[in-house]
$ cat start25.txt   # compact mmCIF, C-alpha atoms
# COMPACT_ATOMS: atom_id res chain seq x y z
CA MET U 1 172.03 243.64 69.66
CA LYS U 2 172.85 240.64 67.51
CA TYR U 3 170.58 238.18 69.26
CA PRO U 4 167.30 240.17 69.03
CA PHE U 5 167.89 240.52 65.29
CA THR U 6 168.59 236.80 65.03
CA ILE U 7 165.35 236.01 66.86
CA VAL U 8 163.36 238.27 64.48
CA ILE U 9 164.77 236.46 61.44
CA ILE U 10 164.21 232.98 62.86
CA ILE U 11 160.66 233.75 64.06
CA ALA U 12 159.73 235.20 60.66
CA CYS U 13 160.98 232.07 58.90
CA MET U 14 159.44 229.72 61.45
CA LEU U 15 156.06 231.37 60.95
CA TYR U 16 156.30 230.67 57.26
CA THR U 17 157.50 227.11 57.65
CA GLY U 18 154.81 226.54 60.25
CA ASN U 19 152.25 227.75 57.78
CA SER U 20 153.69 225.49 55.08
CA TYR U 21 153.61 222.44 57.31
CA ALA U 22 150.07 223.16 58.49
CA GLN U 23 149.06 223.62 54.87
CA TYR U 24 150.63 220.31 53.93
CA THR U 25 148.88 218.55 56.80
CA LYS U 26 145.52 219.90 55.72
CA ILE U 27 146.18 219.23 52.05
CA ASP U 28 147.24 215.69 52.84
CA SER U 29 143.94 215.02 54.59
CA LEU U 30 142.03 216.54 51.69
CA PHE U 31 143.83 214.46 49.08
CA ALA U 32 143.30 211.33 51.20
CA ARG U 33 139.56 211.89 50.98
CA ALA U 34 137.38 211.40 47.94
CA ASP U 35 136.86 214.77 46.30
CA THR U 36 133.08 214.71 46.26
CA THR U 37 132.84 217.92 44.27
CA ALA U 38 135.04 216.52 41.51
CA VAL U 39 133.05 213.27 41.47
CA LEU U 40 129.81 215.17 41.09
CA ASP U 41 131.23 217.43 38.38
CA SER U 42 132.41 214.34 36.49
CA LEU U 43 129.00 212.74 36.63
CA MET U 44 127.29 215.99 35.67
CA ASN U 45 129.24 215.86 32.41
CA ASP U 46 128.10 212.31 31.71
CA PHE U 47 125.88 212.63 28.62
CA ASP U 48 125.29 208.94 28.00
CA HIS U 49 121.59 209.21 28.83
CA TYR U 50 121.22 211.86 26.13
CA LEU U 51 123.14 209.78 23.62
CA ASP U 52 121.06 206.71 24.47
CA SER U 53 117.84 208.61 23.83
CA LEU U 54 118.87 209.43 20.27
CA PHE U 55 117.63 207.08 17.57
CA LYS U 56 120.92 207.46 15.78
CA PRO U 57 124.08 209.42 16.58
CA LYS U 58 124.02 213.03 15.49
CA SER U 59 125.96 216.19 16.22
CA PHE U 60 124.65 218.63 18.83
CA PHE U 61 125.53 221.59 21.07
CA ILE U 62 124.80 221.79 24.79
CA PHE U 63 124.59 225.00 26.81
CA SER U 64 123.98 224.64 30.53
CA VAL U 65 124.30 226.33 33.90
CA GLY U 66 124.77 224.31 37.05
CA ALA U 67 124.38 225.35 40.69
CA GLY U 68 125.52 223.25 43.60
CA THR U 69 127.61 223.02 46.74
CA GLY U 70 131.26 222.23 47.27
CA PHE U 71 133.91 222.26 49.99
CA PHE U 72 136.61 224.95 50.15
CA SER U 73 139.53 225.35 52.56
CA PHE U 74 140.09 228.97 53.60
CA LYS U 75 143.20 230.20 55.36
CA SER U 76 142.45 231.04 58.99
CA ASN U 77 143.44 234.50 60.21
CA ALA U 78 143.73 233.27 63.79
CA SER U 79 145.97 230.27 63.13
CA PHE U 80 148.09 228.61 60.49
CA ASP U 81 145.48 225.99 59.65
CA PHE U 82 142.69 225.96 57.08
CA ASN U 83 138.96 226.16 57.77
CA THR U 84 136.79 224.00 55.51
CA GLU U 85 133.50 225.59 54.49
CA LYS U 86 130.68 224.53 52.20
CA LYS U 87 129.99 227.13 49.49
CA ILE U 88 127.60 227.53 46.57
CA ILE U 89 129.13 226.95 43.14
CA LEU U 90 127.86 228.13 39.75
CA SER U 91 129.15 226.33 36.69
CA PRO U 92 128.17 227.63 33.23
CA SER U 93 129.37 225.43 30.38
CA MET U 94 129.03 224.81 26.70
CA ALA U 95 129.95 221.74 24.70
CA TYR U 96 129.85 220.39 21.17
CA PHE U 97 129.59 216.68 20.40
CA HIS U 98 130.05 215.42 16.86
CA LYS U 99 128.23 212.30 15.67
CA SER U 100 131.63 210.65 15.19
CA GLY U 101 132.15 210.80 18.98
CA ILE U 102 134.55 213.74 19.13
CA GLY U 103 133.60 216.44 21.61
CA LEU U 104 134.87 219.67 23.13
CA SER U 105 133.59 221.38 26.27
CA LEU U 106 134.42 224.60 28.11
CA SER U 107 133.36 225.17 31.71
CA ALA U 108 133.77 227.90 34.32
CA TYR U 109 133.55 227.41 38.09
CA MET U 110 132.32 230.33 40.16
CA MET U 111 132.12 230.62 43.95
CA ARG U 112 130.37 233.37 45.87
CA GLN U 113 132.11 235.45 48.48
CA ASP U 114 131.02 239.07 48.08
CA LYS U 115 129.80 238.17 44.61
CA PHE U 116 130.16 235.30 42.17
CA ASN U 117 133.61 235.27 40.60
CA ALA U 118 135.15 232.60 38.39
CA TYR U 119 138.11 230.97 40.12
CA GLN U 120 138.75 228.20 37.59
CA TYR U 121 138.15 227.31 33.94
CA ALA U 122 138.32 223.89 32.30
CA LEU U 123 138.81 223.00 28.63
CA SER U 124 138.17 219.36 27.75
CA PRO U 125 138.47 217.60 24.37
CA SER U 126 137.00 214.09 24.39
CA TYR U 127 136.09 211.05 22.35
CA ASP U 128 133.12 208.74 23.10
CA TYR U 129 132.44 205.44 21.36
CA ILE U 130 128.63 205.20 21.33
CA GLU U 131 127.78 202.93 18.39
CA ASN U 132 127.64 199.69 20.37
CA LYS U 133 124.31 198.85 22.04
CA HIS U 134 125.91 196.95 24.91
CA PHE U 135 128.53 199.39 26.15
CA THR U 136 129.88 202.92 25.93
CA THR U 137 133.47 203.96 26.41
CA GLY U 138 135.51 207.09 26.00
CA VAL U 139 138.56 209.14 26.88
CA SER U 140 139.02 212.81 27.66
CA TYR U 141 141.73 215.28 28.59
CA THR U 142 141.03 218.32 30.78
CA ARG U 143 143.24 221.38 31.17
CA TYR U 144 142.45 223.48 34.25
CA PHE U 145 143.19 227.21 34.41
CA THR U 146 143.08 228.49 37.98
CA LYS U 147 143.33 232.09 39.12
CA GLU U 148 146.20 233.10 41.36
CA ASP U 149 146.07 234.77 44.81
CA LEU U 150 142.86 233.10 45.90
CA SER U 151 141.75 233.22 49.54
CA PHE U 152 141.11 229.47 49.54
CA TYR U 153 143.17 226.42 48.65
CA THR U 154 142.94 224.86 45.20
CA THR U 155 144.73 221.72 44.11
CA PRO U 156 147.81 222.30 41.93
CA ILE U 157 146.50 219.69 39.49
CA GLN U 158 146.42 221.35 36.07
CA ASN U 159 146.02 218.34 33.76
CA GLU U 160 143.77 215.31 33.93
CA LEU U 161 143.36 212.25 31.73
CA ASN U 162 140.16 210.27 32.11
CA ALA U 163 138.90 207.01 30.61
CA TYR U 164 135.60 205.27 31.31
CA PHE U 165 133.72 202.11 30.39
CA ASN U 166 130.02 201.45 31.03
CA PHE U 167 128.39 198.09 30.33
CA LYS U 168 124.71 198.58 29.41
CA LYS U 169 123.44 195.08 28.59
CA TRP U 170 122.48 194.10 32.16
CA TRP U 171 119.63 195.58 34.18
CA ILE U 172 122.17 196.92 36.67
CA GLN U 173 124.90 198.59 34.64
CA PRO U 174 128.48 198.38 35.98
CA GLY U 175 131.05 200.97 35.07
CA VAL U 176 134.60 202.00 35.81
CA SER U 177 136.37 205.33 35.47
CA LEU U 178 140.14 205.83 35.61
CA SER U 179 141.68 209.24 36.13
CA TYR U 180 145.27 210.50 36.30
CA GLY U 181 145.92 214.09 37.26
CA TRP U 182 149.18 215.99 37.62
CA GLY U 183 150.39 219.52 38.11
CA SER U 184 152.65 221.85 40.03
CA ARG U 185 152.63 225.36 41.41
CA THR U 186 155.34 227.74 42.57
CA GLU U 187 154.68 230.67 44.90
CA TYR U 188 157.16 233.45 45.55
CA GLU U 189 157.13 235.78 48.52
CA LYS U 190 159.42 238.69 49.34
CA ARG U 191 159.53 239.79 52.97
CA GLU U 192 161.03 243.15 53.80
CA LEU U 193 162.77 243.89 57.09
CA ASP U 194 164.19 247.33 57.85
CA ILE U 195 167.10 246.38 60.07
CA ASN U 196 169.91 248.41 61.60
CA LEU U 197 173.01 246.49 60.57
CA ARG U 198 175.65 248.66 62.23
CA GLN U 199 176.88 245.73 64.33
CA LEU U 200 176.60 243.31 61.47
CA GLU U 201 177.88 244.94 58.30
CA ASN U 202 178.82 248.62 58.48
CA ALA U 203 178.74 250.99 61.42
CA ARG U 204 177.75 253.97 59.24
CA LYS U 205 175.18 252.35 56.90
CA LYS U 206 171.56 251.49 57.21
CA LYS U 207 170.43 248.82 54.80
CA ARG U 208 167.02 247.44 53.92
CA THR U 209 167.12 243.66 54.08
CA TYR U 210 164.88 241.21 52.24
CA ILE U 211 164.10 237.56 52.79
CA TYR U 212 162.97 235.66 49.68
CA ILE U 213 160.78 232.61 50.25
CA THR U 214 159.91 230.27 47.39
CA SER U 215 157.52 227.35 47.78
CA SER U 216 156.90 224.68 45.14
CA GLU U 217 154.05 222.18 45.29
CA SER U 218 153.50 219.19 43.00
CA VAL U 219 150.90 216.44 42.86
CA LYS U 220 150.44 213.25 40.86
CA ASP U 221 147.12 211.61 41.59
CA PHE U 222 145.67 208.37 40.20
CA SER U 223 142.07 207.57 41.05
CA THR U 224 139.53 204.91 40.18
CA MET U 225 135.77 204.92 40.52
CA PHE U 226 133.59 201.80 40.26
CA SER U 227 129.87 202.30 39.79
CA LEU U 228 126.58 200.42 39.58
CA ARG U 229 123.54 202.16 38.11
CA HIS U 230 120.14 201.68 36.58
CA ASN U 231 118.03 204.16 34.61
CA PHE U 232 114.30 204.24 35.36
CA ARG U 233 112.61 206.03 32.45
CA TRP U 234 109.11 207.36 31.83
CA SER U 235 108.17 209.04 28.56
CA LYS U 236 105.27 211.16 27.29
CA LEU U 237 104.36 212.53 30.73
CA LEU U 238 103.42 216.10 29.77
CA GLY U 239 103.88 215.88 26.02
CA LYS U 240 104.90 213.61 23.18
CA GLN U 241 108.59 214.51 23.37
CA ASP U 242 109.35 214.61 27.08
CA MET U 243 111.12 212.03 29.24
CA LEU U 244 111.80 211.63 32.96
CA THR U 245 114.83 209.58 34.04
CA LEU U 246 115.73 208.59 37.61
CA THR U 247 119.25 207.18 38.01
CA PRO U 248 120.52 205.87 41.35
CA VAL U 249 124.29 205.26 41.27
CA VAL U 250 126.41 203.44 43.86
CA LEU U 251 130.08 204.48 43.79
CA VAL U 252 133.28 203.16 45.34
CA SER U 253 136.36 205.39 44.95
CA GLY U 254 140.03 204.74 45.51
CA GLY U 255 143.44 205.80 44.29
CA THR U 256 147.06 206.66 44.91
CA MET U 257 148.80 209.97 45.56
CA ASN U 258 152.32 211.34 45.12
CA TYR U 259 152.73 214.72 46.82
CA GLY U 260 155.73 217.02 47.21
CA PHE U 261 156.22 220.39 48.91
CA ASN U 262 159.52 222.30 48.87
CA THR U 263 160.39 225.58 50.57
CA SER U 264 163.63 227.52 49.97
CA PHE U 265 164.97 230.68 51.64
CA SER U 266 167.39 233.35 50.40
CA SER U 267 168.30 236.95 51.21
CA ASN U 268 170.00 239.99 49.70
CA SER U 269 172.17 240.15 52.82
CA LYS U 270 175.13 237.80 52.97
CA THR U 271 175.15 238.02 56.77
CA VAL U 272 171.52 236.96 56.99
CA LYS U 273 171.97 234.31 54.32
CA ASN U 274 175.03 232.74 55.95
CA ASN U 275 173.98 232.90 59.60
CA PHE U 276 170.27 233.22 60.18
CA LEU U 277 168.15 231.60 57.48
CA PRO U 278 166.79 228.11 58.19
CA SER U 279 167.58 225.19 55.95
CA ASN U 280 165.44 224.52 52.92
CA SER U 281 162.63 222.06 53.60
CA ASN U 282 161.47 219.16 51.44
CA ILE U 283 158.28 217.26 52.29
CA THR U 284 157.12 214.29 50.24
CA ASP U 285 154.38 211.74 50.68
CA VAL U 286 153.65 208.71 48.51
CA SER U 287 150.64 206.52 49.23
CA GLY U 288 149.78 203.18 47.65
CA PHE U 289 146.39 202.29 46.27
CA ASP U 290 143.69 202.69 48.88
CA VAL U 291 139.89 202.40 48.79
CA GLN U 292 138.80 205.76 50.17
CA SER U 293 135.05 206.30 50.06
CA ALA U 294 131.63 204.88 49.23
CA SER U 295 128.96 207.14 47.76
CA LEU U 296 125.35 207.20 46.65
CA LEU U 297 124.29 209.50 43.84
CA MET U 298 120.64 210.20 43.02
CA ARG U 299 120.13 211.94 39.68
CA LEU U 300 116.78 213.03 38.23
CA ASN U 301 116.62 214.26 34.65
CA TYR U 302 113.65 215.77 32.87
CA SER U 303 113.95 216.61 29.17
CA ALA U 304 111.39 218.04 26.79
CA ALA U 305 112.37 218.65 23.19
CA SER U 306 115.75 220.44 23.48
CA PHE U 307 115.43 221.54 27.13
CA PHE U 308 116.65 219.55 30.13
CA ILE U 309 116.96 220.02 33.87
CA THR U 310 118.91 217.71 36.19
CA PRO U 311 118.90 217.92 40.00
CA GLN U 312 121.41 215.68 41.83
CA ILE U 313 122.47 214.80 45.33
CA LEU U 314 125.65 212.94 46.27
CA LEU U 315 126.04 211.34 49.70
CA ASP U 316 129.66 210.43 50.41
CA TYR U 317 131.06 208.34 53.29
CA TYR U 318 134.82 208.41 53.91
CA LEU U 319 136.01 204.93 54.89
CA HIS U 320 138.95 206.01 57.10
CA SER U 321 138.96 207.84 60.40
CA SER U 322 138.21 211.54 60.03
CA ASP U 323 136.40 214.34 61.84
CA ASN U 324 133.80 214.51 59.06
CA ARG U 325 133.38 211.10 57.49
CA PHE U 326 129.95 211.84 56.01
CA ASN U 327 129.44 214.65 53.49
CA SER U 328 126.79 215.64 50.99
CA VAL U 329 126.82 217.90 47.95
CA TYR U 330 123.93 219.05 45.81
CA SER U 331 123.53 220.45 42.33
CA ILE U 332 120.96 221.37 39.74
CA THR U 333 121.76 221.84 36.06
CA ALA U 334 119.55 223.30 33.35
CA GLY U 335 120.33 223.73 29.68
CA VAL U 336 119.45 223.24 26.05
CA HIS U 337 120.84 221.04 23.32
CA PHE U 338 120.30 221.24 19.59

$ encode --input "start25.txt" --output "structure tokens"
Amino acid sequence: MKYPFTIVIIIACMLYTGNSYAQYTKIDSLFARADTTAVLDSLMNDFDHYLDSLFKPKSFFIFSVGAGTGFFSFKSNASFDFNTEKKIILSPSMAYFHKSGIGLSLSAYMMRQDKFNAYQYALSPSYDYIENKHFTTGVSYTRYFTKEDLSFYTTPIQNELNAYFNFKKWWIQPGVSLSYGWGSRTEYEKRELDINLRQLENARKKKRTYIYITSSESVKDFSTMFSLRHNFRWSKLLGKQDMLTLTPVVLVSGGTMNYGFNTSFSSNSKTVKNNFLPSNSNITDVSGFDVQSASLLMRLNYSAASFFITPQILLDYYLHSSDNRFNSVYSITAGVHF
């Protein structure tokens, strides 16, 4: 009777390690690609065209709601892989920008399954230098708060530093954005097995045995984004205070990645712990700088007095071999500022 019990333990642990490895494989491919949703979110928060339209810097609030599409990886019930699906995202946000350049924004990201639920929040203090006519530059820090026990994968990145520089003197405006994100996540699982241990521990006792599985995931990600853009502007279309701006943006993205995934096993049974549990696993991957994708963003902004609406489309082409090298995401944002 010893060997059937051994097989049960080993199969249970192999299923988990198989799931972990499949998850890592999928995650690795996702991190190797440009995160088009994150790129679009970053550009949606780019308020330079509002700042440029002001005759002089002044403080203002912005309240907005965005709707768009993004890619999510759901755990498959039929296998140990992840199925990538495109879902609709809602993103309400509010922000305050002081005339000195200091700003603070709060955003929520909501994805619809049965209904729209917020799966992540982001708090971002920032500073933008906007007094020079030839360039704008700024830095920001974002802290992400992600819900636990989600049915889809989310990156363990919890912190992100971002710096940007846009040169505005030329007709075609070059820009560069640098981003460094890091974070970790630990998941704990307790598996219960009701096992007859008469041959293993005590002939007269029946003991409930547990296997404890702990997985830790960590990511350090450095990314760069080079851009070329031009703003085509038309004013006084429907009134004296309205403006229409069309901004095509060409983007090239690249970066590095340092990824680690560790799985450890333990049990409340010494017999199981000493004889049947597999060894702890440690998977790491470090990639050097690599140009990953080329993208085209088309952004249209219409503003009248304090109201604005901004539809966008991002077309992304992954430069390395992949099943889906071409992807597109869409969004529309409407809000007020005062």

$ closest_residue --input "start25.txt" --among "U:Leu238, U:Ile89, U:Ala294, U:Leu314" --to "Val65 (chain U)" --atoms "only C-alpha atoms"
U:Ile89

$ atom_distance --input "start25.txt" --atom1 "CA of Phe226 (chain U)" --atom2 "CA of Thr69 (chain U)"
23.0 Å

$ atom_distance --input "start25.txt" --atom1 "CA of Arg185 (chain U)" --atom2 "CA of Thr155 (chain U)"
9.1 Å

$ closest_residue --input "start25.txt" --among "U:Ala305, U:Leu277, U:Leu106, U:Met111" --to "Ile213 (chain U)" --atoms "only C-alpha atoms"
U:Leu277

$ residues_around --input "start25.txt" --residues "Lys220 (chain U)" --least-positions-apart "2" --cutoff "6 Å" --atoms "only C-alpha atoms" --output "JSON, numbers by chain"
{"U": [181, 182, 257, 258]}

$ write_last_selection --input "start25.txt" --atoms "C-alpha atoms" --output "compact mmCIF listing (two decimals), in the coordinates of the input"
# COMPACT_ATOMS: atom_id res chain seq x y z
CA GLY U 181 145.92 214.09 37.26
CA TRP U 182 149.18 215.99 37.62
CA MET U 257 148.80 209.97 45.56
CA ASN U 258 152.32 211.34 45.12

$ closest_residue --input "start25.txt" --among "U:Ser215, U:Phe135, U:Pro125, U:Ser267" --to "Arg191 (chain U)" --atoms "only C-alpha atoms"
U:Ser267

$ decode --input "start25.txt" --residues "region 287-299 of chain U" --atoms "N, CA and C atoms" --output "PDB file, in the first residue's frame"
ATOM      1  N   SER U 287      17.124  38.774 -19.147  1.00  0.00           N
ATOM      2  CA  SER U 287      17.320  39.110 -20.559  1.00  0.00           C
ATOM      3  C   SER U 287      17.967  40.472 -20.684  1.00  0.00           C
ATOM      4  N   GLY U 288      18.888  40.610 -21.640  1.00  0.00           N
ATOM      5  CA  GLY U 288      19.516  41.895 -21.903  1.00  0.00           C
ATOM      6  C   GLY U 288      18.588  42.808 -22.671  1.00  0.00           C
ATOM      7  N   PHE U 289      19.069  44.006 -22.953  1.00  0.00           N
ATOM      8  CA  PHE U 289      18.223  44.970 -23.658  1.00  0.00           C
ATOM      9  C   PHE U 289      17.873  44.451 -25.047  1.00  0.00           C
ATOM     10  N   ASP U 290      16.601  44.600 -25.397  1.00  0.00           N
ATOM     11  CA  ASP U 290      16.111  44.062 -26.655  1.00  0.00           C
ATOM     12  C   ASP U 290      15.017  44.971 -27.185  1.00  0.00           C
ATOM     13  N   VAL U 291      15.096  45.346 -28.458  1.00  0.00           N
ATOM     14  CA  VAL U 291      14.018  46.096 -29.107  1.00  0.00           C
ATOM     15  C   VAL U 291      12.883  45.124 -29.378  1.00  0.00           C
ATOM     16  N   GLN U 292      11.697  45.415 -28.868  1.00  0.00           N
ATOM     17  CA  GLN U 292      10.624  44.429 -28.843  1.00  0.00           C
ATOM     18  C   GLN U 292       9.487  44.694 -29.820  1.00  0.00           C
ATOM     19  N   SER U 293       9.088  45.942 -29.989  1.00  0.00           N
ATOM     20  CA  SER U 293       7.914  46.183 -30.823  1.00  0.00           C
ATOM     21  C   SER U 293       7.962  47.567 -31.454  1.00  0.00           C
ATOM     22  N   ALA U 294       7.204  47.713 -32.532  1.00  0.00           N
ATOM     23  CA  ALA U 294       6.985  48.998 -33.194  1.00  0.00           C
ATOM     24  C   ALA U 294       5.483  49.241 -33.224  1.00  0.00           C
ATOM     25  N   SER U 295       5.073  50.476 -32.954  1.00  0.00           N
ATOM     26  CA  SER U 295       3.648  50.758 -32.807  1.00  0.00           C
ATOM     27  C   SER U 295       3.288  52.070 -33.485  1.00  0.00           C
ATOM     28  N   LEU U 296       2.025  52.177 -33.825  1.00  0.00           N
ATOM     29  CA  LEU U 296       1.459  53.414 -34.356  1.00  0.00           C
ATOM     30  C   LEU U 296       0.241  53.766 -33.518  1.00  0.00           C
ATOM     31  N   LEU U 297       0.262  54.954 -32.952  1.00  0.00           N
ATOM     32  CA  LEU U 297      -0.857  55.455 -32.163  1.00  0.00           C
ATOM     33  C   LEU U 297      -1.505  56.613 -32.905  1.00  0.00           C
ATOM     34  N   MET U 298      -2.819  56.572 -33.021  1.00  0.00           N
ATOM     35  CA  MET U 298      -3.590  57.688 -33.580  1.00  0.00           C
ATOM     36  C   MET U 298      -4.513  58.198 -32.481  1.00  0.00           C
ATOM     37  N   ARG U 299      -4.317  59.472 -32.112  1.00  0.00           N
ATOM     38  CA  ARG U 299      -5.097  60.064 -31.034  1.00  0.00           C
ATOM     39  C   ARG U 299      -5.811  61.310 -31.542  1.00  0.00           C
TER      40      ARG U 299
END
